[in-house]
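Right, one structure below, let's go through it.
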Amino acid sequence: MASLQRTLARTLLSLPSPILRLMSGGAAVYRGGRTLDPRFQFMAAQAARMPAMTSLSPEEARRTSAEGARVYGGRPEPGVRVEPLTIPAPDRSIPARLYRPERPDPNAPAIVFAHFGGGVIGDLETSHAFCGILAKVTRAPVVSVEYRLAPEHRFPAGLEDVLAAYRYVRDHAAQFGAPSGQAVIGGDSMGGNFAAVICQELARAGEPQPALQLLIYPCVDVASQSASMTTYAEAFPLSRPLMDWFMGHYMGPDADPADPRLSPIREADLAGLAPAVVVTAGFDPLVDQGEAYARRLRGAGVPVIYRCYDAMAHGFTAFTGVVPCADVACREVAGLVREGLEGRIARAAG
């Protein structure tokens with residue numbers, strides 16, 4: 001059934017842009033000075049006919065998200081070997097997945113990556129296609145982390161899992177064919193939140209910074225009232241109501257939205273953090289806060305490359321199988337990581 005749905009989706013989304021727009025209401029979606037890619041426009045129109053995720057239980061939302069990943073995600077990346085992995089932690093084991101490029105660069109640090117999902121949904125399949133692309137382009141081993149989810153495990157459980165996984169990979173990188181003592185931390189959306197917070201947590205602990213931080217459409221201010229939260233309040237697949245639904249499950253009643261471990265942009269001192277690749281999507285309630293965090297980092301003297309993919313929607317790393325420009329964007333982002341690891345980030349940011 002999933003194979004049939006995938007074939008149908010790819011067939012429909014391969015239609016010419018004018019036809020897709022006609023099937024989605026007849027006009028291009030233009031908002032905030034940006035024009036939405038017609039494939040995302042078509043998917044948004046279809047999603048509007050379905051029950052909103054905010055009406056579902058977390059378990060139902062996870063099943064819906066997993067079905068979408070199977071339908072819209074890209075195919076396995078050739079030239080990358082995928083292996084199951086378990087990361088030991090003091091009181092638990094953390095499921096993970098290792099992506100090994102066939103032609104690794106022995107000098108490239110391992111990359112630890114955390115998937116999107118508002119801390120409530122998502123799993124290793126969510127970022128499967130992108131992690132393969134990342135390993136292939138950077139020629140570095142990539143470890144994708146399956147962290148605990150809310151509301152069963154509220155903040156900071158997921159963050160603690162990713163931090164534990166990062167420390168393990170950093171300290172045991174040789175077993176993955178990477179230099180010991182260093183690693184990259186990255187993620188998209190909530191995973192980007194974790195990556196940003198982890199850099200700050202390492203600084204507070206007096207530990208070395210990651211070789212690089214990769215923040216893809218990151219959530220860095222859960223109390224944000226920026227303009228994009230209004231302009232793109234009803235965007236697909238992330239809307240303002242869905243953001244509120246995620247945070248209601250993730251934070252719990254006693255959490256402080258201004259806590260830098262929830263809203264890393266509210267940390268007063270960002271000096272000395274890892275060089276950053278910050279990526280945003282144009283049609284996304286989070287676009288303003290991602291750009292603002294890139295400015296804050298740069299203002300603190302952190303080397304930063306910032307890219308906004310104006311026609312893309314939030315979560316585009318999971319749509320590489322049906323949106324050609326999402327696949328191109330993901331490969332470009334991986335290339336920016338490669339440039340950063342080669343020490344070219346400062347020149348590129350200038």
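Simple scheme: letters A, B, ... for chains in structure tokens order, numbers from 1 for residues in each chain, numbers from 1 for ligands in the order shown.
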
Picked from stretch 82-175 of chain A by DSSP as strand (DSSP E or B), as a PDB file with N, CA, C and O atoms, in the first residue's frame:
```
ATOM      1  N   VAL A  82      24.330   1.740   5.514  1.00  0.00           N
ATOM      2  CA  VAL A  82      23.538   2.083   6.693  1.00  0.00           C
ATOM      3  C   VAL A  82      23.569   0.918   7.677  1.00  0.00           C
ATOM      4  O   VAL A  82      23.347  -0.233   7.295  1.00  0.00           O
ATOM      5  N   GLU A  83      23.842   1.236   8.948  1.00  0.00           N
ATOM      6  CA  GLU A  83      23.955   0.208   9.982  1.00  0.00           C
ATOM      7  C   GLU A  83      23.165   0.620  11.216  1.00  0.00           C
ATOM      8  O   GLU A  83      23.200   1.784  11.619  1.00  0.00           O
ATOM      9  N   PRO A  84      22.466  -0.330  11.846  1.00  0.00           N
ATOM     10  CA  PRO A  84      21.822  -0.009  13.137  1.00  0.00           C
ATOM     11  C   PRO A  84      22.884   0.181  14.204  1.00  0.00           C
ATOM     12  O   PRO A  84      23.972  -0.397  14.140  1.00  0.00           O
ATOM     13  N   LEU A  85      22.552   0.999  15.196  1.00  0.00           N
ATOM     14  CA  LEU A  85      23.527   1.345  16.220  1.00  0.00           C
ATOM     15  C   LEU A  85      22.796   1.565  17.534  1.00  0.00           C
ATOM     16  O   LEU A  85      21.658   2.045  17.545  1.00  0.00           O
ATOM     17  N   THR A  86      23.427   1.188  18.614  1.00  0.00           N
ATOM     18  CA  THR A  86      22.908   1.483  19.950  1.00  0.00           C
ATOM     19  C   THR A  86      23.978   2.237  20.718  1.00  0.00           C
ATOM     20  O   THR A  86      25.124   1.794  20.811  1.00  0.00           O
ATOM     21  N   ILE A  87      23.603   3.378  21.267  1.00  0.00           N
ATOM     22  CA  ILE A  87      24.544   4.213  22.011  1.00  0.00           C
ATOM     23  C   ILE A  87      24.287   4.040  23.500  1.00  0.00           C
ATOM     24  O   ILE A  87      23.166   4.267  23.973  1.00  0.00           O
ATOM     25  N   PRO A  88      25.296   3.621  24.249  1.00  0.00           N
ATOM     26  CA  PRO A  88      25.085   3.438  25.694  1.00  0.00           C
ATOM     27  C   PRO A  88      24.999   4.773  26.419  1.00  0.00           C
ATOM     28  O   PRO A  88      25.728   5.717  26.116  1.00  0.00           O
ATOM     29  N   ALA A  89      24.084   4.845  27.355  1.00  0.00           N
ATOM     30  CA  ALA A  89      23.948   6.004  28.231  1.00  0.00           C
ATOM     31  C   ALA A  89      23.868   5.487  29.662  1.00  0.00           C
ATOM     32  O   ALA A  89      23.639   4.291  29.882  1.00  0.00           O
ATOM     33  N   ARG A  92      20.234   4.039  30.280  1.00  0.00           N
ATOM     34  CA  ARG A  92      19.415   3.597  29.157  1.00  0.00           C
ATOM     35  C   ARG A  92      20.312   3.362  27.944  1.00  0.00           C
ATOM     36  O   ARG A  92      21.502   3.665  27.962  1.00  0.00           O
ATOM     37  N   SER A  93      19.724   2.830  26.895  1.00  0.00           N
ATOM     38  CA  SER A  93      20.402   2.715  25.606  1.00  0.00           C
ATOM     39  C   SER A  93      19.644   3.563  24.602  1.00  0.00           C
ATOM     40  O   SER A  93      18.403   3.593  24.608  1.00  0.00           O
ATOM     41  N   ILE A  94      20.374   4.261  23.745  1.00  0.00           N
ATOM     42  CA  ILE A  94      19.769   5.184  22.794  1.00  0.00           C
ATOM     43  C   ILE A  94      19.855   4.576  21.400  1.00  0.00           C
ATOM     44  O   ILE A  94      20.952   4.345  20.883  1.00  0.00           O
ATOM     45  N   PRO A  95      18.714   4.297  20.752  1.00  0.00           N
ATOM     46  CA  PRO A  95      18.751   3.781  19.384  1.00  0.00           C
ATOM     47  C   PRO A  95      19.313   4.836  18.432  1.00  0.00           C
ATOM     48  O   PRO A  95      19.060   6.033  18.587  1.00  0.00           O
ATOM     49  N   ALA A  96      20.072   4.383  17.467  1.00  0.00           N
ATOM     50  CA  ALA A  96      20.661   5.304  16.496  1.00  0.00           C
ATOM     51  C   ALA A  96      20.892   4.548  15.195  1.00  0.00           C
ATOM     52  O   ALA A  96      20.648   3.332  15.096  1.00  0.00           O
ATOM     53  N   ARG A  97      21.349   5.265  14.203  1.00  0.00           N
ATOM     54  CA  ARG A  97      21.632   4.675  12.888  1.00  0.00           C
ATOM     55  C   ARG A  97      22.882   5.328  12.346  1.00  0.00           C
ATOM     56  O   ARG A  97      23.012   6.553  12.371  1.00  0.00           O
ATOM     57  N   LEU A  98      23.791   4.500  11.848  1.00  0.00           N
ATOM     58  CA  LEU A  98      25.071   4.976  11.327  1.00  0.00           C
ATOM     59  C   LEU A  98      25.056   4.943   9.806  1.00  0.00           C
ATOM     60  O   LEU A  98      24.687   3.929   9.199  1.00  0.00           O
ATOM     61  N   TYR A  99      25.479   6.045   9.204  1.00  0.00           N
ATOM     62  CA  TYR A  99      25.600   6.169   7.748  1.00  0.00           C
ATOM     63  C   TYR A  99      27.086   6.293   7.421  1.00  0.00           C
ATOM     64  O   TYR A  99      27.732   7.265   7.815  1.00  0.00           O
ATOM     65  N   ARG A 100      27.612   5.302   6.719  1.00  0.00           N
ATOM     66  CA  ARG A 100      29.033   5.290   6.365  1.00  0.00           C
ATOM     67  C   ARG A 100      29.196   5.510   4.862  1.00  0.00           C
ATOM     68  O   ARG A 100      28.709   4.697   4.057  1.00  0.00           O
ATOM     69  N   PRO A 101      29.873   6.564   4.450  1.00  0.00           N
ATOM     70  CA  PRO A 101      30.137   6.738   3.009  1.00  0.00           C
ATOM     71  C   PRO A 101      31.153   5.702   2.535  1.00  0.00           C
ATOM     72  O   PRO A 101      32.051   5.300   3.285  1.00  0.00           O
ATOM     73  N   ALA A 110      32.962  12.941  12.661  1.00  0.00           N
ATOM     74  CA  ALA A 110      31.636  12.339  12.646  1.00  0.00           C
ATOM     75  C   ALA A 110      30.577  13.417  12.873  1.00  0.00           C
ATOM     76  O   ALA A 110      30.814  14.420  13.551  1.00  0.00           O
ATOM     77  N   ILE A 111      29.399  13.188  12.299  1.00  0.00           N
ATOM     78  CA  ILE A 111      28.277  14.127  12.410  1.00  0.00           C
ATOM     79  C   ILE A 111      27.157  13.453  13.192  1.00  0.00           C
ATOM     80  O   ILE A 111      26.713  12.358  12.835  1.00  0.00           O
ATOM     81  N   VAL A 112      26.703  14.093  14.251  1.00  0.00           N
ATOM     82  CA  VAL A 112      25.564  13.610  15.034  1.00  0.00           C
ATOM     83  C   VAL A 112      24.352  14.447  14.644  1.00  0.00           C
ATOM     84  O   VAL A 112      24.401  15.685  14.697  1.00  0.00           O
ATOM     85  N   PHE A 113      23.254  13.777  14.256  1.00  0.00           N
ATOM     86  CA  PHE A 113      22.101  14.495  13.712  1.00  0.00           C
ATOM     87  C   PHE A 113      20.831  14.094  14.448  1.00  0.00           C
ATOM     88  O   PHE A 113      20.582  12.919  14.717  1.00  0.00           O
ATOM     89  N   ALA A 114      19.987  15.112  14.743  1.00  0.00           N
ATOM     90  CA  ALA A 114      18.712  14.909  15.426  1.00  0.00           C
ATOM     91  C   ALA A 114      17.563  15.359  14.521  1.00  0.00           C
ATOM     92  O   ALA A 114      17.590  16.468  13.990  1.00  0.00           O
ATOM     93  N   VAL A 142      27.813   9.643   9.634  1.00  0.00           N
ATOM     94  CA  VAL A 142      26.699  10.376  10.233  1.00  0.00           C
ATOM     95  C   VAL A 142      25.965   9.432  11.182  1.00  0.00           C
ATOM     96  O   VAL A 142      25.624   8.310  10.811  1.00  0.00           O
ATOM     97  N   VAL A 143      25.732   9.900  12.396  1.00  0.00           N
ATOM     98  CA  VAL A 143      24.974   9.141  13.392  1.00  0.00           C
ATOM     99  C   VAL A 143      23.649   9.860  13.638  1.00  0.00           C
ATOM    100  O   VAL A 143      23.619  10.974  14.149  1.00  0.00           O
ATOM    101  N   SER A 144      22.560   9.216  13.235  1.00  0.00           N
ATOM    102  CA  SER A 144      21.222   9.759  13.446  1.00  0.00           C
ATOM    103  C   SER A 144      20.685   9.198  14.755  1.00  0.00           C
ATOM    104  O   SER A 144      20.768   7.998  15.013  1.00  0.00           O
ATOM    105  N   VAL A 145      20.118  10.068  15.598  1.00  0.00           N
ATOM    106  CA  VAL A 145      19.747   9.704  16.963  1.00  0.00           C
ATOM    107  C   VAL A 145      18.222   9.627  17.098  1.00  0.00           C
ATOM    108  O   VAL A 145      17.508  10.555  16.715  1.00  0.00           O
TER     109      VAL A 145
END
```

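The two atoms in question, atom CA of A:Ala135 and atom CA of A:Asp327, are spaced 14.4 Å apart.
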
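Between A:Ala274 and the residues A:Val220, A:Cys308, A:Cys199, A:Ala9, the shortest atom-to-atom distance, using only C-alpha atoms, involves A:Cys199.
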
Exercise for the section: Extract, using only C-alpha atoms, all DNA, RNA and protein residues at most 10 Å from stretch 243-255 of chain A, discarding same-chain residues fewer than 5 positions from it, and format them as a ChimeraX atom specification. Expected result: /A:53-55,58,117-121,149-158,190,219,222-223,229,233,238,262,285-286

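Within the 12 Å cut-off around A:Arg103, using only C-alpha atoms and omitting residues fewer than 2 positions from it on the same chain, the listed residues are Pro78, Gly79, Val80, Arg81, Tyr99, Arg100, Pro101, Asp105, Pro106, Asn107, Ala108, Ala135, Lys136, Val137, Thr138, Arg139, Ala140, Pro141 and Gly177 of chain A.
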
Exercise for the section: Mind checking which residues fall within 8 Å of stretch 313-322 of chain A, counting only C-alpha atoms, ignoring those fewer than 3 positions away in the same chain, and posting them as a PyMOL selection string? Expected result: chain A and resi 9-10+13-14+36+39-40+69+72-75+116+126-127+129-130+188-189+217+235-238+280-284+325-327+330

Among stretch 49-95 of chain A, which residues does DSSP mark as helix (DSSP H, G or I) when it is run on the backbone? Keep the chain and numbering as in the structure and answer as a PDB file with N, CA, C and O atoms, in the first residue's frame.
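Ended up saving to out.pdb:
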```
ATOM      1  N   MET A  53      -3.258  17.792  12.353  1.00  0.00           N
ATOM      2  CA  MET A  53      -2.484  17.005  13.315  1.00  0.00           C
ATOM      3  C   MET A  53      -2.834  17.409  14.740  1.00  0.00           C
ATOM      4  O   MET A  53      -2.759  16.587  15.664  1.00  0.00           O
ATOM      5  N   THR A  54      -3.211  18.671  14.948  1.00  0.00           N
ATOM      6  CA  THR A  54      -3.561  19.134  16.289  1.00  0.00           C
ATOM      7  C   THR A  54      -4.796  18.431  16.844  1.00  0.00           C
ATOM      8  O   THR A  54      -5.050  18.486  18.055  1.00  0.00           O
ATOM      9  N   SER A  55      -5.570  17.779  15.970  1.00  0.00           N
ATOM     10  CA  SER A  55      -6.762  17.046  16.425  1.00  0.00           C
ATOM     11  C   SER A  55      -6.445  15.605  16.784  1.00  0.00           C
ATOM     12  O   SER A  55      -7.332  14.870  17.239  1.00  0.00           O
ATOM     13  N   PRO A  58      -0.808  12.161  20.243  1.00  0.00           N
ATOM     14  CA  PRO A  58       0.592  12.004  19.828  1.00  0.00           C
ATOM     15  C   PRO A  58       0.853  10.684  19.101  1.00  0.00           C
ATOM     16  O   PRO A  58       1.601  10.658  18.116  1.00  0.00           O
ATOM     17  N   GLU A  59       0.233   9.601  19.551  1.00  0.00           N
ATOM     18  CA  GLU A  59       0.435   8.310  18.893  1.00  0.00           C
ATOM     19  C   GLU A  59      -0.089   8.338  17.461  1.00  0.00           C
ATOM     20  O   GLU A  59       0.563   7.838  16.530  1.00  0.00           O
ATOM     21  N   GLU A  60      -1.278   8.915  17.267  1.00  0.00           N
ATOM     22  CA  GLU A  60      -1.843   9.025  15.922  1.00  0.00           C
ATOM     23  C   GLU A  60      -0.986   9.936  15.052  1.00  0.00           C
ATOM     24  O   GLU A  60      -0.767   9.654  13.868  1.00  0.00           O
ATOM     25  N   ALA A  61      -0.501  11.029  15.635  1.00  0.00           N
ATOM     26  CA  ALA A  61       0.344  11.955  14.879  1.00  0.00           C
ATOM     27  C   ALA A  61       1.630  11.277  14.438  1.00  0.00           C
ATOM     28  O   ALA A  61       2.120  11.521  13.330  1.00  0.00           O
ATOM     29  N   ARG A  62       2.192  10.428  15.281  1.00  0.00           N
ATOM     30  CA  ARG A  62       3.414   9.707  14.912  1.00  0.00           C
ATOM     31  C   ARG A  62       3.161   8.764  13.744  1.00  0.00           C
ATOM     32  O   ARG A  62       3.984   8.658  12.844  1.00  0.00           O
ATOM     33  N   ARG A  63       2.019   8.080  13.766  1.00  0.00           N
ATOM     34  CA  ARG A  63       1.698   7.191  12.648  1.00  0.00           C
ATOM     35  C   ARG A  63       1.510   7.979  11.359  1.00  0.00           C
ATOM     36  O   ARG A  63       1.998   7.576  10.286  1.00  0.00           O
ATOM     37  N   THR A  64       0.832   9.109  11.442  1.00  0.00           N
ATOM     38  CA  THR A  64       0.617   9.948  10.257  1.00  0.00           C
ATOM     39  C   THR A  64       1.944  10.459   9.713  1.00  0.00           C
ATOM     40  O   THR A  64       2.186  10.452   8.501  1.00  0.00           O
ATOM     41  N   SER A  65       2.821  10.902  10.610  1.00  0.00           N
ATOM     42  CA  SER A  65       4.132  11.392  10.198  1.00  0.00           C
ATOM     43  C   SER A  65       4.956  10.287   9.548  1.00  0.00           C
ATOM     44  O   SER A  65       5.618  10.507   8.528  1.00  0.00           O
ATOM     45  N   ALA A  66       4.906   9.096  10.121  1.00  0.00           N
ATOM     46  CA  ALA A  66       5.661   7.974   9.560  1.00  0.00           C
ATOM     47  C   ALA A  66       5.161   7.605   8.165  1.00  0.00           C
ATOM     48  O   ALA A  66       5.948   7.293   7.266  1.00  0.00           O
ATOM     49  N   GLU A  67       3.841   7.664   7.974  1.00  0.00           N
ATOM     50  CA  GLU A  67       3.278   7.387   6.644  1.00  0.00           C
ATOM     51  C   GLU A  67       3.763   8.420   5.638  1.00  0.00           C
ATOM     52  O   GLU A  67       4.112   8.089   4.500  1.00  0.00           O
ATOM     53  N   GLY A  68       3.792   9.688   6.049  1.00  0.00           N
ATOM     54  CA  GLY A  68       4.281  10.739   5.160  1.00  0.00           C
ATOM     55  C   GLY A  68       5.729  10.545   4.791  1.00  0.00           C
ATOM     56  O   GLY A  68       6.124  10.767   3.635  1.00  0.00           O
ATOM     57  N   ALA A  69       6.546  10.110   5.747  1.00  0.00           N
ATOM     58  CA  ALA A  69       7.960   9.877   5.463  1.00  0.00           C
ATOM     59  C   ALA A  69       8.142   8.785   4.412  1.00  0.00           C
ATOM     60  O   ALA A  69       9.014   8.877   3.541  1.00  0.00           O
ATOM     61  N   ARG A  70       7.311   7.764   4.498  1.00  0.00           N
ATOM     62  CA  ARG A  70       7.403   6.681   3.509  1.00  0.00           C
ATOM     63  C   ARG A  70       6.979   7.143   2.120  1.00  0.00           C
ATOM     64  O   ARG A  70       7.543   6.712   1.105  1.00  0.00           O
ATOM     65  N   VAL A  71       6.000   8.023   2.063  1.00  0.00           N
ATOM     66  CA  VAL A  71       5.462   8.471   0.774  1.00  0.00           C
ATOM     67  C   VAL A  71       6.348   9.536   0.133  1.00  0.00           C
ATOM     68  O   VAL A  71       6.629   9.487  -1.071  1.00  0.00           O
ATOM     69  N   TYR A  72       6.816  10.499   0.919  1.00  0.00           N
ATOM     70  CA  TYR A  72       7.474  11.678   0.357  1.00  0.00           C
ATOM     71  C   TYR A  72       8.998  11.640   0.433  1.00  0.00           C
ATOM     72  O   TYR A  72       9.669  12.431  -0.225  1.00  0.00           O
TER      73      TYR A  72
END
```

Env of A:Gln213: 8 Å cut, atoms = only C-alpha atoms, seq-sep filter 3 positions within chain, self excluded. Answer as a PDB file with C-alpha atoms, in the first residue's frame.
```
ATOM      1  CA  VAL A 184      29.686  17.915  14.392  1.00  0.00           C
ATOM      2  CA  ILE A 185      26.267  18.471  15.969  1.00  0.00           C
ATOM      3  CA  GLY A 186      23.272  19.096  13.732  1.00  0.00           C
ATOM      4  CA  ALA A 195      22.022  21.261  18.333  1.00  0.00           C
ATOM      5  CA  ALA A 196      22.015  24.951  19.283  1.00  0.00           C
ATOM      6  CA  CYS A 199      26.733  23.989  21.850  1.00  0.00           C
ATOM      7  CA  PRO A 210      31.811  20.847  18.141  1.00  0.00           C
ATOM      8  CA  ALA A 274      31.051  26.439  17.117  1.00  0.00           C
ATOM      9  CA  PRO A 275      31.024  27.772  13.547  1.00  0.00           C
ATOM     10  CA  ALA A 276      27.504  27.487  12.207  1.00  0.00           C
ATOM     11  CA  VAL A 277      25.604  26.637   9.059  1.00  0.00           C
TER      12      VAL A 277
END
```

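Among the candidates A:Leu12, A:Leu341, A:Ala44, A:Leu212, the one nearest to A:Glu234 when counting only C-alpha atoms is A:Ala44.
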
Surrounding residues of A:Pro38 excluding itself and chain neighbours under 5 positions, 8 Å, only C-alpha atoms, as a PDB file with all heavy atoms, in the first residue's frame:
```pdb
ATOM      1  N   SER A  17       4.263  22.586 -13.295  1.00  0.00           N
ATOM      2  CA  SER A  17       3.865  23.535 -12.254  1.00  0.00           C
ATOM      3  C   SER A  17       2.510  24.189 -12.504  1.00  0.00           C
ATOM      4  O   SER A  17       1.698  24.302 -11.569  1.00  0.00           O
ATOM      5  CB  SER A  17       4.941  24.611 -12.091  1.00  0.00           C
ATOM      6  OG  SER A  17       6.137  24.035 -11.627  1.00  0.00           O
ATOM      7  N   LEU A  20      -0.181  21.756 -11.456  1.00  0.00           N
ATOM      8  CA  LEU A  20      -0.232  21.585 -10.008  1.00  0.00           C
ATOM      9  C   LEU A  20      -0.907  22.777  -9.343  1.00  0.00           C
ATOM     10  O   LEU A  20      -1.707  22.610  -8.408  1.00  0.00           O
ATOM     11  CB  LEU A  20       1.181  21.394  -9.445  1.00  0.00           C
ATOM     12  CG  LEU A  20       1.834  20.042  -9.729  1.00  0.00           C
ATOM     13  CD1 LEU A  20       3.284  20.049  -9.275  1.00  0.00           C
ATOM     14  CD2 LEU A  20       1.073  18.922  -9.024  1.00  0.00           C
ATOM     15  N   ARG A  21      -0.603  23.973  -9.825  1.00  0.00           N
ATOM     16  CA  ARG A  21      -1.242  25.158  -9.241  1.00  0.00           C
ATOM     17  C   ARG A  21      -2.744  25.176  -9.544  1.00  0.00           C
ATOM     18  O   ARG A  21      -3.545  25.558  -8.688  1.00  0.00           O
ATOM     19  CB  ARG A  21      -0.558  26.421  -9.753  1.00  0.00           C
ATOM     20  CG  ARG A  21       0.832  26.635  -9.148  1.00  0.00           C
ATOM     21  CD  ARG A  21       1.237  28.103  -9.161  1.00  0.00           C
ATOM     22  NE  ARG A  21       2.389  28.319  -8.308  1.00  0.00           N
ATOM     23  CZ  ARG A  21       3.644  28.436  -8.733  1.00  0.00           C
ATOM     24  NH1 ARG A  21       3.903  28.348 -10.028  1.00  0.00           N
ATOM     25  NH2 ARG A  21       4.630  28.634  -7.884  1.00  0.00           N
ATOM     26  N   ALA A  28      -0.769  31.053  -7.854  1.00  0.00           N
ATOM     27  CA  ALA A  28       0.420  30.859  -7.038  1.00  0.00           C
ATOM     28  C   ALA A  28       0.182  31.402  -5.632  1.00  0.00           C
ATOM     29  O   ALA A  28      -0.557  32.366  -5.434  1.00  0.00           O
ATOM     30  CB  ALA A  28       1.616  31.561  -7.676  1.00  0.00           C
TER      31      ALA A  28
END
```

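Nearest-residue note for A:Leu202: choosing from A:Ala48, A:Ala164, A:Ala173, A:Leu215, the minimum distance belongs to A:Ala164, counting only C-alpha atoms.
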